[in-house]
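Text of the file target13.cif, holding mmCIF, C-alpha atoms and all ligand atoms:
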```cif
data_query
#
loop_
_atom_site.label_atom_id
_atom_site.label_comp_id
_atom_site.auth_asym_id
_atom_site.auth_seq_id
_atom_site.Cartn_x
_atom_site.Cartn_y
_atom_site.Cartn_z
CA MET O 1 29.86 0.14 -0.57
CA SER O 2 26.96 2.13 0.82
CA LEU O 3 23.59 0.46 1.37
CA VAL O 4 21.95 2.11 -1.60
CA GLU O 5 24.75 0.97 -3.90
CA LYS O 6 23.99 -2.61 -2.94
CA ILE O 7 20.55 -2.36 -4.54
CA GLN O 8 20.36 -3.78 -8.07
CA LYS O 9 18.40 -1.20 -10.01
CA ASP O 10 17.21 -3.67 -12.64
CA PHE O 11 15.86 -6.10 -10.07
CA LEU O 12 13.50 -3.94 -8.03
CA PRO O 13 10.06 -5.20 -7.02
CA LYS O 14 7.58 -4.16 -9.71
CA HIS O 15 5.06 -3.65 -6.96
CA LEU O 16 6.00 -2.84 -3.38
CA ALA O 17 3.25 -2.83 -0.76
CA ILE O 18 3.64 -1.63 2.82
CA ILE O 19 1.53 -2.13 5.93
CA MET O 20 2.48 1.01 7.81
CA ASP O 21 2.03 -0.08 11.41
CA GLY O 22 3.15 1.14 14.83
CA ASN O 23 2.21 4.81 14.97
CA GLY O 24 0.30 4.40 18.21
CA ARG O 25 3.07 2.54 20.02
CA TRP O 26 5.64 5.04 18.78
CA ALA O 27 3.67 7.87 20.37
CA LYS O 28 3.05 5.92 23.56
CA GLN O 29 6.79 5.29 23.96
CA LYS O 30 7.24 9.04 23.94
CA GLY O 31 4.41 9.62 26.40
CA LYS O 32 2.28 11.27 23.73
CA LEU O 33 -1.19 10.74 22.31
CA ARG O 34 -1.70 8.30 19.43
CA VAL O 35 -2.46 11.14 17.04
CA PHE O 36 1.10 12.39 17.51
CA GLY O 37 2.25 9.05 16.13
CA HIS O 38 -0.05 9.37 13.12
CA GLU O 39 1.25 12.88 12.43
CA ASN O 40 4.80 11.62 12.44
CA GLY O 41 3.74 8.66 10.35
CA THR O 42 2.89 11.05 7.52
CA LYS O 43 6.52 12.20 7.47
CA SER O 44 7.56 8.60 6.90
CA VAL O 45 5.04 8.37 4.08
CA ARG O 46 6.65 11.31 2.33
CA ARG O 47 10.15 9.91 2.89
CA ILE O 48 9.29 6.47 1.56
CA VAL O 49 7.31 7.79 -1.41
CA GLU O 50 10.21 10.02 -2.43
CA THR O 51 12.80 7.31 -1.89
CA SER O 52 10.80 4.75 -3.84
CA ALA O 53 10.41 7.14 -6.75
CA GLU O 54 14.11 7.98 -6.60
CA LEU O 55 15.02 4.30 -6.78
CA GLY O 56 12.71 3.71 -9.71
CA ILE O 57 10.03 1.53 -8.11
CA LYS O 58 7.07 1.68 -10.48
CA ASN O 59 4.24 0.77 -8.10
CA LEU O 60 4.00 1.54 -4.40
CA THR O 61 0.88 0.69 -2.42
CA LEU O 62 0.43 1.93 1.14
CA TYR O 63 -2.11 0.60 3.63
CA ALA O 64 -3.33 3.78 5.24
CA PHE O 65 -6.72 2.83 6.69
CA SER O 66 -8.48 -0.53 6.83
CA THR O 67 -12.19 -1.33 6.86
CA GLU O 68 -11.56 -2.56 10.41
CA ASN O 69 -9.99 0.75 11.47
CA TRP O 70 -13.47 2.33 11.49
CA ASN O 71 -13.90 0.52 14.81
CA ARG O 72 -11.29 2.69 16.54
CA PRO O 73 -12.39 5.43 18.94
CA ARG O 74 -14.30 8.13 17.08
CA LEU O 75 -11.76 10.83 17.93
CA GLU O 76 -8.90 8.83 16.50
CA VAL O 77 -10.81 8.10 13.28
CA GLU O 78 -11.63 11.79 12.93
CA ALA O 79 -8.02 12.76 13.50
CA LEU O 80 -6.88 10.27 10.86
CA MET O 81 -9.35 11.66 8.33
CA ARG O 82 -8.22 15.21 9.07
CA LEU O 83 -4.61 14.14 8.60
CA LEU O 84 -5.53 12.56 5.30
CA VAL O 85 -6.97 15.84 4.06
CA SER O 86 -4.01 17.93 5.20
CA SER O 87 -1.45 15.45 3.82
CA LEU O 88 -3.15 15.32 0.44
CA ARG O 89 -3.01 19.11 0.32
CA LYS O 90 0.64 19.21 1.33
CA GLU O 91 1.86 16.33 -0.82
CA LEU O 92 0.32 17.35 -4.14
CA LYS O 93 3.43 19.43 -4.90
CA ILE O 94 5.73 16.50 -4.17
CA LEU O 95 3.66 14.20 -6.37
CA LEU O 96 3.75 16.63 -9.27
CA LYS O 97 7.44 17.34 -8.85
CA ASN O 98 8.27 13.62 -8.89
CA ASN O 99 5.85 12.73 -11.72
CA ILE O 100 3.88 10.42 -9.40
CA LYS O 101 0.32 9.36 -10.15
CA LEU O 102 -1.94 8.93 -7.13
CA GLN O 103 -4.79 6.44 -7.01
CA ALA O 104 -6.82 4.98 -4.18
CA ILE O 105 -8.34 1.57 -3.49
CA GLY O 106 -11.01 0.66 -0.96
CA SER O 107 -14.62 1.59 -0.32
CA LEU O 108 -13.88 5.23 -0.96
CA ASP O 109 -17.57 6.10 -0.71
CA THR O 110 -17.40 5.62 3.04
CA LEU O 111 -14.80 8.37 3.47
CA PRO O 112 -15.96 11.76 4.79
CA LYS O 113 -16.99 14.20 2.06
CA LYS O 114 -14.04 16.51 2.56
CA ALA O 115 -11.53 13.68 2.34
CA LYS O 116 -13.16 12.33 -0.82
CA LYS O 117 -13.13 15.74 -2.45
CA GLU O 118 -9.45 16.33 -1.67
CA LEU O 119 -8.55 12.80 -2.71
CA PHE O 120 -10.29 12.95 -6.09
CA GLU O 121 -8.76 16.35 -6.76
CA VAL O 122 -5.24 15.02 -6.26
CA ILE O 123 -6.05 11.92 -8.30
CA GLU O 124 -7.32 14.11 -11.14
CA LYS O 125 -4.32 16.46 -11.02
CA THR O 126 -1.78 13.63 -11.09
CA LYS O 127 -3.56 11.26 -13.47
CA ASP O 128 -1.15 11.78 -16.37
CA ASN O 129 2.00 11.24 -14.31
CA THR O 130 4.08 8.28 -15.37
CA HIS O 131 7.15 7.81 -13.18
CA MET O 132 5.46 5.91 -10.35
CA THR O 133 1.94 4.90 -9.34
CA LEU O 134 1.24 5.50 -5.67
CA THR O 135 -1.83 3.64 -4.47
CA LEU O 136 -3.37 4.53 -1.13
CA ALA O 137 -5.48 1.82 0.45
CA LEU O 138 -8.19 3.76 2.26
CA SER O 139 -11.08 2.08 3.98
CA TYR O 140 -9.63 -0.97 2.30
CA GLY O 141 -10.42 -4.58 3.11
CA SER O 142 -9.34 -7.46 0.93
CA ARG O 143 -12.37 -9.59 1.72
CA GLU O 144 -14.68 -6.76 0.80
CA GLU O 145 -12.76 -6.28 -2.46
CA LEU O 146 -13.14 -9.98 -3.26
CA LYS O 147 -16.82 -9.96 -2.31
CA ASN O 148 -17.42 -7.05 -4.68
CA ALA O 149 -15.52 -8.81 -7.46
CA VAL O 150 -17.61 -11.96 -7.01
CA LYS O 151 -20.81 -9.93 -7.14
CA GLU O 152 -19.78 -8.07 -10.30
CA ILE O 153 -18.74 -11.24 -12.06
CA CYS O 154 -21.99 -13.02 -11.08
CA GLU O 155 -23.97 -10.06 -12.36
CA LYS O 156 -22.19 -10.30 -15.71
CA VAL O 157 -22.82 -14.02 -15.95
CA LYS O 158 -26.48 -13.48 -15.08
CA ASN O 159 -26.80 -10.88 -17.83
CA ASN O 160 -24.94 -13.06 -20.34
CA ILE O 161 -22.08 -10.57 -20.66
CA ILE O 162 -19.59 -13.32 -19.88
CA SER O 163 -20.00 -17.08 -19.67
CA LEU O 164 -19.40 -19.15 -16.56
CA GLU O 165 -16.74 -21.12 -18.48
CA SER O 166 -14.76 -18.01 -19.33
CA ILE O 167 -14.09 -17.09 -15.69
CA ASP O 168 -10.38 -17.46 -15.08
CA GLU O 169 -7.79 -15.79 -12.87
CA SER O 170 -7.36 -12.88 -15.22
CA ILE O 171 -11.09 -12.12 -15.12
CA ILE O 172 -10.95 -12.13 -11.34
CA ASN O 173 -7.97 -9.77 -11.50
CA GLN O 174 -9.87 -7.42 -13.75
CA HIS O 175 -12.59 -7.08 -11.12
CA LEU O 176 -10.28 -6.14 -8.26
CA TYR O 177 -9.50 -2.55 -7.29
CA THR O 178 -5.90 -3.29 -8.26
CA GLN O 179 -6.71 -4.29 -11.83
CA ASN O 180 -4.08 -1.94 -13.28
CA LEU O 181 -1.30 -3.15 -10.96
CA PRO O 182 1.01 -6.14 -11.22
CA ASP O 183 1.04 -8.71 -8.40
CA VAL O 184 2.84 -7.61 -5.26
CA ASP O 185 6.49 -8.71 -5.29
CA LEU O 186 7.43 -7.48 -1.85
CA LEU O 187 5.23 -6.80 1.16
CA ILE O 188 6.75 -4.97 4.11
CA ARG O 189 5.11 -4.70 7.52
CA THR O 190 6.60 -2.53 10.23
CA SER O 191 6.18 -2.65 14.02
CA GLY O 192 6.92 -6.32 14.65
CA GLU O 193 3.45 -7.66 13.91
CA HIS O 194 3.49 -10.77 11.76
CA ARG O 195 0.11 -10.64 10.09
CA ILE O 196 -1.60 -9.45 6.94
CA SER O 197 -4.65 -7.74 8.47
CA ASN O 198 -6.93 -8.15 5.45
CA PHE O 199 -4.54 -6.53 2.96
CA LEU O 200 -4.30 -7.59 -0.71
CA LEU O 201 -4.91 -11.29 -0.01
CA TRP O 202 -5.22 -12.24 -3.68
CA GLN O 203 -2.43 -9.96 -4.86
CA ILE O 204 0.21 -11.24 -2.41
CA ALA O 205 -0.21 -14.90 -3.40
CA TYR O 206 3.49 -15.11 -4.29
CA ALA O 207 4.87 -11.99 -2.63
CA GLU O 208 7.99 -12.07 -0.52
CA LEU O 209 7.12 -11.00 3.03
CA TYR O 210 9.42 -8.78 5.05
CA PHE O 211 8.76 -7.96 8.68
CA THR O 212 10.69 -5.43 10.72
CA ASP O 213 10.38 -4.32 14.34
CA VAL O 214 10.91 -0.68 13.38
CA LEU O 215 7.80 1.41 14.11
CA TRP O 216 6.42 3.23 11.08
CA PRO O 217 7.35 6.81 12.13
CA ASP O 218 10.97 5.61 12.51
CA PHE O 219 11.06 3.75 9.17
CA SER O 220 13.95 5.39 7.33
CA LYS O 221 15.40 5.36 3.83
CA GLU O 222 18.01 2.93 5.10
CA ASP O 223 15.31 0.63 6.45
CA LEU O 224 13.76 0.56 2.99
CA TYR O 225 17.15 -0.10 1.39
CA GLU O 226 17.69 -3.00 3.77
CA ALA O 227 14.31 -4.51 2.93
CA LEU O 228 15.06 -4.25 -0.79
CA ILE O 229 18.51 -5.80 -0.43
CA ASN O 230 17.02 -8.59 1.62
CA TYR O 231 14.39 -9.14 -1.09
CA GLN O 232 17.00 -9.21 -3.83
CA ASN O 233 18.94 -11.91 -2.00
CA ARG O 234 16.01 -14.30 -1.91
CA GLU O 235 15.37 -17.00 -4.44
CA ARG O 236 11.83 -16.82 -5.79
CA ARG O 237 10.99 -20.30 -6.99
CA PHE O 238 7.27 -20.08 -7.83
CA GLY O 239 6.83 -23.76 -7.18
CA LYS O 240 9.89 -24.87 -9.14
CA THR O 241 13.11 -26.34 -7.76
CA SER O 242 16.21 -24.32 -7.09
CA GLU O 243 17.99 -26.19 -9.91
CA GLN O 244 15.32 -25.17 -12.39
CA ILE O 245 15.75 -21.53 -11.46
CA ASN O 246 19.53 -21.46 -11.76
C1 LIG Z 301 -0.82 2.30 11.93
O1 LIG Z 301 -0.44 2.50 13.25
C2 LIG Z 301 -1.74 3.37 11.41
C3 LIG Z 301 -3.12 2.91 11.18
C4 LIG Z 301 -3.56 1.72 11.32
C5 LIG Z 301 -4.06 3.93 10.75
P1 LIG Z 301 -1.36 2.04 14.46
O2 LIG Z 301 -2.29 3.16 14.80
O3 LIG Z 301 -2.00 0.76 14.17
O4 LIG Z 301 -0.27 1.89 15.60
P2 LIG Z 301 -0.22 0.75 16.70
O5 LIG Z 301 -0.28 -0.55 15.99
O6 LIG Z 301 -1.38 0.95 17.61
O7 LIG Z 301 1.10 0.97 17.38
C1 LIG Z 302 -3.31 -2.52 9.65
O1 LIG Z 302 -2.89 -2.03 10.88
C2 LIG Z 302 -3.98 -1.44 8.88
C3 LIG Z 302 -3.12 -0.32 8.49
C4 LIG Z 302 -1.84 -0.25 8.62
C5 LIG Z 302 -3.80 0.78 7.90
P1 LIG Z 302 -3.72 -2.30 12.22
O2 LIG Z 302 -2.90 -1.79 13.32
O3 LIG Z 302 -5.07 -1.78 12.08
O4 LIG Z 302 -3.76 -3.90 12.22
P2 LIG Z 302 -4.19 -4.92 13.35
O5 LIG Z 302 -5.60 -4.64 13.68
O6 LIG Z 302 -3.29 -4.70 14.51
O7 LIG Z 302 -3.99 -6.26 12.74
MG MG Z 303 -1.48 -1.17 14.48
#
```
Let's see the structure in the file written out as structure tokens.
Amino acid sequence: MSLVEKIQKDFLPKHLAIIMDGNGRWAKQKGKLRVFGHENGTKSVRRIVETSAELGIKNLTLYAFSTENWNRPRLEVEALMRLLVSSLRKELKILLKNNIKLQAIGSLDTLPKKAKKELFEVIEKTKDNTHMTLTLALSYGSREELKNAVKEICEKVKNNIISLESIDESIINQHLYTQNLPDVDLLIRTSGEHRISNFLLWQIAYAELYFTDVLWPDFSKEDLYEALINYQNRERRFGKTSEQIN
């Protein structure tokens, strides 16, 4: 049986999130500049987006740029923003062909004008697509997202739009950037780092975590298949006992 045949199609994660890490080290290993790694990272993005759509994953969220990444050297940040613009241009066709809807989460206002323009154009052109929702986390930080949610909710309480008593988990959910997405079922991080780096802290409360040493530009279809098979062989207990589940 091939790897892909081992994947149970009716048991896919409803929401797969990926921390795409290791571009810089990949380039360094080859004696190249970090930007070379980022360029090759975009090829992995295309591969994994297409493969996810092919498999029938409904929601894929990719961590492309964190609020903390603004602290990188200016030249690297500029290169990343340029790559964002050129990838959005190139990938529009793929998104349309595969019926994929693009959306973005993060403080999008902080992105350079050109990137914002390109981003909102692609979002607009793909907004009616239904096969898969691809969410790009751009200038995203989970703590910032939660801070904004708290502020918005407080504002509503202050203005008597909602009562303090009515605040529950679903109201908090509705004030996150990810309000239209289900909780993350599977979170993958590449490059051997075992940390979350301020990504979807609320949304991964019960996610299965999968870490691989593979660097993002090398992350192949088969690597994704392996992660999914691994996920499908886990028992998700959500606080219950194994006996209760079976
Ligand atoms: C991930 O690769 C891409 C971004 C964070 C934008 P890195 O650039 O973090 O690569 P490493 O971790 O330095 O190898
Ligand atoms: C996390 O990667 C952010 C993205 C993948 C966009 P980093 O490489 O920035 O994470 P840390 O700083 O090493 O934790
Ligand atoms: Mg990194």
Next item on the list: Taking only C-alpha atoms and all ligand atoms into account, report as a count of residues only which residues have an atom no farther than 6 Å from an atom of ligand LIG 301 (chain Z).
Entry: 8
Next item on the list: Check the smallest atom-to-atom distance from each of O:Ile94, O:Ile153, O:Ile7, O:Leu200 to O:Ser170 using only C-alpha atoms, then report the winner.
Entry: O:Ile153
Item checked: Spatial neighbours of stretch 234-245 of chain O, max dist 12 Å, only C-alpha atoms, sep filter under 3 positions, as a PyMOL selection string -> chain O and resi 11+13+185-186+205-210+227-231
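Taking atom CA of O:Gln179 and atom CA of O:Gln203 as endpoints, the distance between them is 10.0 Å.
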Notebook entry, point to check: Can I get the residues close to ligand MG 303 (chain Z) as number ranges by chain, where close means within 12 Å and we count all atoms listed in the file?
Noted result: O: 19-27, 34, 37-38, 41, 63-66, 68-69, 72, 189-197, 215-216
Check: Excluding same-chain residues fewer than 6 positions from O:Arg89, what lies within 9 Å of it counting only C-alpha atoms, as a PyMOL selection string?
Finding: chain O and resi 118-119+122
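Interatomic distance, atom CA of O:Asp218 to atom CA of O:Ser44: 7.2 Å.
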Notebook entry, point to check: Given the choices O:Ile188, O:Leu16, O:Met1, O:Ile100, which gets closest to ligand LIG 302 (chain Z) if the distance is worked out from all atoms listed in the file?
Noted result: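 The closest residue to ligand LIG 302 (chain Z) is O:Ile188.
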Box for ligand LIG 302 (chain Z): with edges along x, y and z, all listed atoms inside and 5 Å added on each side, what are the centre and edge lengths in Å to one decimal, as lines of an AutoDock Vina configuration file?
```
center_x = -3.7
center_y = -2.7
center_z = 11.2
size_x = 13.8
size_y = 17.0
size_z = 16.6
```
Next item on the list: Find the residue from O:Lys28, O:Lys6, O:Lys117, O:Lys58 that sits nearest to O:Pro182; use only C-alpha atoms when measuring.
Entry: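 Checking each candidate against O:Pro182, we get O:Lys58 as the closest.
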Item checked: Test item: residues at most 8 Å from stretch 113-116 of chain O, all atoms listed in the file, excluding those fewer than 5 positions along its chain, as a ChimeraX atom specification -> /O:81-82,84-85,108
Next item on the list: Go ahead and compute the interatomic distance for atom CA of O:Ile123 and atom CA of O:Asn173, in Å to one decimal.
Entry: 22.0 Å
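For the set O:Glu39, O:Val4, O:Leu176, O:Glu169, the residue with the smallest atom-to-atom gap to O:Glu222 is O:Val4, counting only C-alpha atoms.
Take the candidates O:Lys158, O:Met132, O:Tyr140, O:Phe219 and check each one against ligand LIG 302 (chain Z) using only C-alpha atoms and all ligand atoms; the shortest distance goes to O:Tyr140.
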